[in-house]
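Structure first, commentary second.
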Amino acid sequence: MGKQMTEMLKGTLEGIVLAILAARPAYGYQITAALREQGFTDIAEGTIYALLIRIEQRGLVDVEKVPSVKGPPRKVYSLNALGRSDLEEFWGTWSFLVERLEALQREGTKKGTAK
Amino acid sequence: MTPKWIELVTGSLDDKKRYRRYKERVAALPVSYRTAIEGVGRYLAYTGPGDSDHLMAMFDDLADLFEQSAADGVPVRAIVGDDPVAFVDTFKRNYGQGSWLTKEQRRLTDAIARAEEIAGDDDAGPGRGAGAI
């Protein structure tokens, strides 16, 4: 994964994880797997785990400990009301960014072809 | 230098027990996971949170991550990623930070606030516009 992608993901990964949890509750490994399926292949398991701890501390998710066949109990995360409103805010910010950047890109393309 | 966690850990019996429990969990891991978590733990002991509550919570979470990953068969590299330092820095941010760093950050913030307050005095001061780049 390129450096640019890594840098951009830093600011958006939390929103991405909230969006995944909005669809259904999941534990850490399932979230990483879902990300891999969508082409985010190089995101470290530990990075997702650290992010889950953070959103738990911020009260955006409810956590349920579920016994597992192998290993320690799994923490299953589900988005709560606070998390949903945070996600809504994320999409608002995202739309703003996309709109501004596309405008910049259009402008750049226009000038590029006007020569 | 003695790592600060040693002083912290010798401070309280509860913490001592908790730390011993953490070491047991580390010892029970498969060897590659154990090697990795020891490396992470060492870095965290030097650069991590300055209070024992945060430090112990962090070690517990770290053990959870490595035990679960070992159970799921997630290789060590996939846990910590291409840049282990970046991973650990992200991870430890959840637990406060070293007290010396907190102090220095406050000093920096104060210095800039002070600079802002006295900015009005610049007009009267010497050297204004005299060869400033």
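Labels for the structure tokens follow display order: chains A, B, ..., residues from 1 in each chain, ligands from 1.
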> What residues in chain A lie within 8 Å of chain B, counting only C-alpha atoms, written as a PyMOL selection string?
Replying inline: chain A and resi 29+42-47+49-51+53-54+70-72+74
I need the helix (DSSP H, G or I) residues of chain B per DSSP on the backbone, written as an NGL selection string. :B and (4-11 or 13-27 or 31-47 or 52-72 or 76-80 or 84-92 or 99-123)
Contact residues around range 83-98 of chain A with only C-alpha atoms at 10 Å, ignoring same-chain residues under 6 positions, as a CSV table (one decimal) with all heavy atoms, in the first residue's frame:
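Dumped to result-v2.csv:
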chain,number,residue,atom,x,y,z
A,12,THR,N,-9.4,8.5,7.9
A,12,THR,CA,-10.8,8.0,7.6
A,12,THR,C,-11.1,6.7,8.1
A,12,THR,O,-12.2,6.2,8.1
A,12,THR,CB,-10.9,8.0,6.0
A,12,THR,OG1,-9.8,7.3,5.5
A,12,THR,CG2,-11.0,9.3,5.4
A,14,GLU,N,-11.4,5.4,11.1
A,14,GLU,CA,-12.4,5.4,12.1
A,14,GLU,C,-13.8,5.4,11.5
A,14,GLU,O,-14.7,4.6,11.9
A,14,GLU,CB,-12.2,6.5,13.1
A,14,GLU,CG,-13.2,6.4,14.3
A,14,GLU,CD,-12.9,7.4,15.4
A,14,GLU,OE1,-11.7,7.6,15.8
A,14,GLU,OE2,-13.8,8.2,15.8
A,15,GLY,N,-14.0,6.3,10.6
A,15,GLY,CA,-15.3,6.4,9.9
A,15,GLY,C,-15.6,5.1,9.1
A,15,GLY,O,-16.8,4.6,9.2
A,16,ILE,N,-14.6,4.5,8.5
A,16,ILE,CA,-14.8,3.3,7.8
A,16,ILE,C,-15.2,2.1,8.7
A,16,ILE,O,-16.2,1.4,8.4
A,16,ILE,CB,-13.5,2.8,7.1
A,16,ILE,CG1,-13.1,3.9,6.0
A,16,ILE,CG2,-13.6,1.5,6.5
A,16,ILE,CD1,-11.7,3.7,5.4
A,17,VAL,N,-14.6,2.1,9.9
A,17,VAL,CA,-14.9,1.0,10.9
A,17,VAL,C,-16.3,1.2,11.4
A,17,VAL,O,-17.1,0.3,11.6
A,17,VAL,CB,-13.9,0.9,12.0
A,17,VAL,CG1,-14.4,0.1,13.1
A,17,VAL,CG2,-12.6,0.4,11.4
A,18,LEU,N,-16.7,2.5,11.7
A,18,LEU,CA,-18.0,2.8,12.2
A,18,LEU,C,-19.1,2.4,11.1
A,18,LEU,O,-20.1,1.8,11.5
A,18,LEU,CB,-18.2,4.3,12.5
A,18,LEU,CG,-17.4,4.8,13.7
A,18,LEU,CD1,-17.6,6.3,13.8
A,18,LEU,CD2,-17.8,4.1,15.0
A,19,ALA,N,-18.7,2.6,9.9
A,19,ALA,CA,-19.7,2.3,8.8
A,19,ALA,C,-19.8,0.7,8.7
A,19,ALA,O,-21.0,0.2,8.5
A,19,ALA,CB,-19.2,2.8,7.4
A,21,LEU,N,-19.5,-1.3,11.2
A,21,LEU,CA,-20.3,-1.7,12.4
A,21,LEU,C,-21.8,-1.3,12.3
A,21,LEU,O,-22.6,-1.8,13.0
A,21,LEU,CB,-19.7,-1.1,13.7
A,21,LEU,CG,-18.3,-1.7,14.1
A,21,LEU,CD1,-17.8,-1.0,15.3
A,21,LEU,CD2,-18.5,-3.2,14.4
A,22,ALA,N,-22.0,-0.3,11.5
A,22,ALA,CA,-23.4,0.2,11.3
A,22,ALA,C,-24.2,-0.9,10.6
A,22,ALA,O,-25.4,-1.1,10.8
A,22,ALA,CB,-23.5,1.5,10.5
A,55,ILE,N,-12.7,3.9,20.1
A,55,ILE,CA,-14.1,4.2,20.0
A,55,ILE,C,-15.0,3.7,21.1
A,55,ILE,O,-16.0,4.2,21.5
A,55,ILE,CB,-14.7,3.8,18.6
A,55,ILE,CG1,-14.7,2.3,18.4
A,55,ILE,CG2,-14.0,4.5,17.4
A,55,ILE,CD1,-15.3,1.8,17.1
A,56,GLU,N,-14.4,2.6,21.8
A,56,GLU,CA,-15.1,2.1,23.0
A,56,GLU,C,-14.9,3.2,24.1
A,56,GLU,O,-15.9,3.5,24.8
A,56,GLU,CB,-14.5,0.8,23.4
A,56,GLU,CG,-15.2,0.2,24.7
A,56,GLU,CD,-14.5,-1.1,25.2
A,56,GLU,OE1,-13.6,-1.6,24.5
A,56,GLU,OE2,-14.9,-1.5,26.3
A,58,ARG,N,-14.5,6.3,23.8
A,58,ARG,CA,-15.4,7.5,23.5
A,58,ARG,C,-16.9,7.2,23.5
A,58,ARG,O,-17.7,8.1,23.3
A,58,ARG,CB,-15.0,8.0,22.1
A,58,ARG,CG,-13.6,8.7,22.1
A,58,ARG,CD,-13.2,9.1,20.7
A,58,ARG,NE,-14.3,9.9,20.1
A,58,ARG,CZ,-14.5,10.0,18.8
A,58,ARG,NH1,-13.8,9.3,17.9
A,58,ARG,NH2,-15.5,10.8,18.3
A,59,GLY,N,-17.2,6.0,23.8
A,59,GLY,CA,-18.6,5.6,24.0
A,59,GLY,C,-19.4,5.5,22.8
A,59,GLY,O,-20.7,5.7,22.8
A,60,LEU,N,-18.8,5.2,21.6
A,60,LEU,CA,-19.5,5.1,20.4
A,60,LEU,C,-20.0,3.8,20.1
A,60,LEU,O,-20.8,3.6,19.2
A,60,LEU,CB,-18.6,5.6,19.2
A,60,LEU,CG,-17.9,6.9,19.3
A,60,LEU,CD1,-17.0,7.2,18.1
A,60,LEU,CD2,-18.9,8.0,19.5
A,61,VAL,N,-19.6,2.8,20.8
A,61,VAL,CA,-20.0,1.4,20.6
A,61,VAL,C,-20.4,0.7,21.9
A,61,VAL,O,-19.9,1.1,23.0
A,61,VAL,CB,-18.9,0.5,20.0
A,61,VAL,CG1,-18.7,0.9,18.5
A,61,VAL,CG2,-17.5,0.7,20.7
A,62,ASP,N,-21.2,-0.3,21.9
A,62,ASP,CA,-21.5,-1.1,23.0
A,62,ASP,C,-20.7,-2.4,22.8
A,62,ASP,O,-20.5,-2.9,21.7
A,62,ASP,CB,-23.0,-1.5,23.1
A,62,ASP,CG,-23.8,-0.2,23.4
A,62,ASP,OD1,-23.3,0.7,24.1
A,62,ASP,OD2,-25.0,-0.1,22.9
A,104,LEU,N,-11.8,21.1,-7.2
A,104,LEU,CA,-10.4,21.4,-7.5
A,104,LEU,C,-9.9,20.7,-8.7
A,104,LEU,O,-9.2,21.2,-9.6
A,104,LEU,CB,-9.6,21.1,-6.3
A,104,LEU,CG,-9.4,22.2,-5.2
A,104,LEU,CD1,-8.7,21.6,-4.0
A,104,LEU,CD2,-8.7,23.4,-5.8
Gap from CA of Lys75 in chain A to CA of Tyr22 in chain B - Å, one decimal
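The value is 18.8 Å.
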Worksheet item: Got a sec to tell me which of chain A DSSP assigns to strand (DSSP E or B), as a VMD selection string?
Response: chain A and resid 26 to 27 61 to 66 74 to 79
Print the selection's residues with N, CA and C atoms to a file, as a short mmCIF file (atom, residue, chain, number, x, y, z; two decimals), in the first residue's frame.
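New file part-v2.cif:
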data_model
loop_
_atom_site.label_atom_id
_atom_site.label_comp_id
_atom_site.auth_asym_id
_atom_site.auth_seq_id
_atom_site.Cartn_x
_atom_site.Cartn_y
_atom_site.Cartn_z
N ALA A 26 -19.69 -6.72 15.13
CA ALA A 26 -18.58 -7.58 14.72
C ALA A 26 -17.47 -7.53 15.76
N TYR A 27 -16.58 -8.52 15.74
CA TYR A 27 -15.37 -8.44 16.56
C TYR A 27 -14.18 -8.10 15.67
N VAL A 61 -19.55 2.77 20.85
CA VAL A 61 -19.98 1.39 20.63
C VAL A 61 -20.37 0.73 21.95
N ASP A 62 -21.25 -0.25 21.85
CA ASP A 62 -21.52 -1.12 22.99
C ASP A 62 -20.70 -2.39 22.80
N VAL A 63 -20.20 -2.93 23.90
CA VAL A 63 -19.31 -4.08 23.81
C VAL A 63 -19.90 -5.25 24.59
N GLU A 64 -19.89 -6.42 23.94
CA GLU A 64 -20.36 -7.62 24.61
C GLU A 64 -19.27 -8.67 24.53
N LYS A 65 -18.95 -9.27 25.68
CA LYS A 65 -17.93 -10.32 25.68
C LYS A 65 -18.58 -11.66 25.39
N VAL A 66 -18.13 -12.30 24.32
CA VAL A 66 -18.70 -13.57 23.91
C VAL A 66 -17.63 -14.65 24.03
N ARG A 74 -14.22 -13.16 23.02
CA ARG A 74 -14.13 -12.10 22.00
C ARG A 74 -15.00 -10.93 22.42
N LYS A 75 -14.51 -9.74 22.11
CA LYS A 75 -15.32 -8.55 22.34
C LYS A 75 -16.07 -8.23 21.06
N VAL A 76 -17.40 -8.29 21.14
CA VAL A 76 -18.21 -7.96 19.97
C VAL A 76 -18.70 -6.52 20.09
N TYR A 77 -18.43 -5.74 19.07
CA TYR A 77 -18.74 -4.31 19.09
C TYR A 77 -19.99 -4.03 18.27
N SER A 78 -20.91 -3.23 18.84
CA SER A 78 -22.04 -2.78 18.04
C SER A 78 -22.20 -1.27 18.20
N LEU A 79 -22.60 -0.64 17.11
CA LEU A 79 -22.73 0.81 17.08
C LEU A 79 -23.94 1.23 17.92
#
A straight line from CA of Arg24 in chain A to CA of Gly11 in chain A spans 22.4 Å
Quiz item: CA of Leu13 in chain A to CA of Asp53 in chain B: how many Å, to one decimal?
Solution: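 CA of Leu13 in chain A sits 27.8 Å away from CA of Asp53 in chain B.
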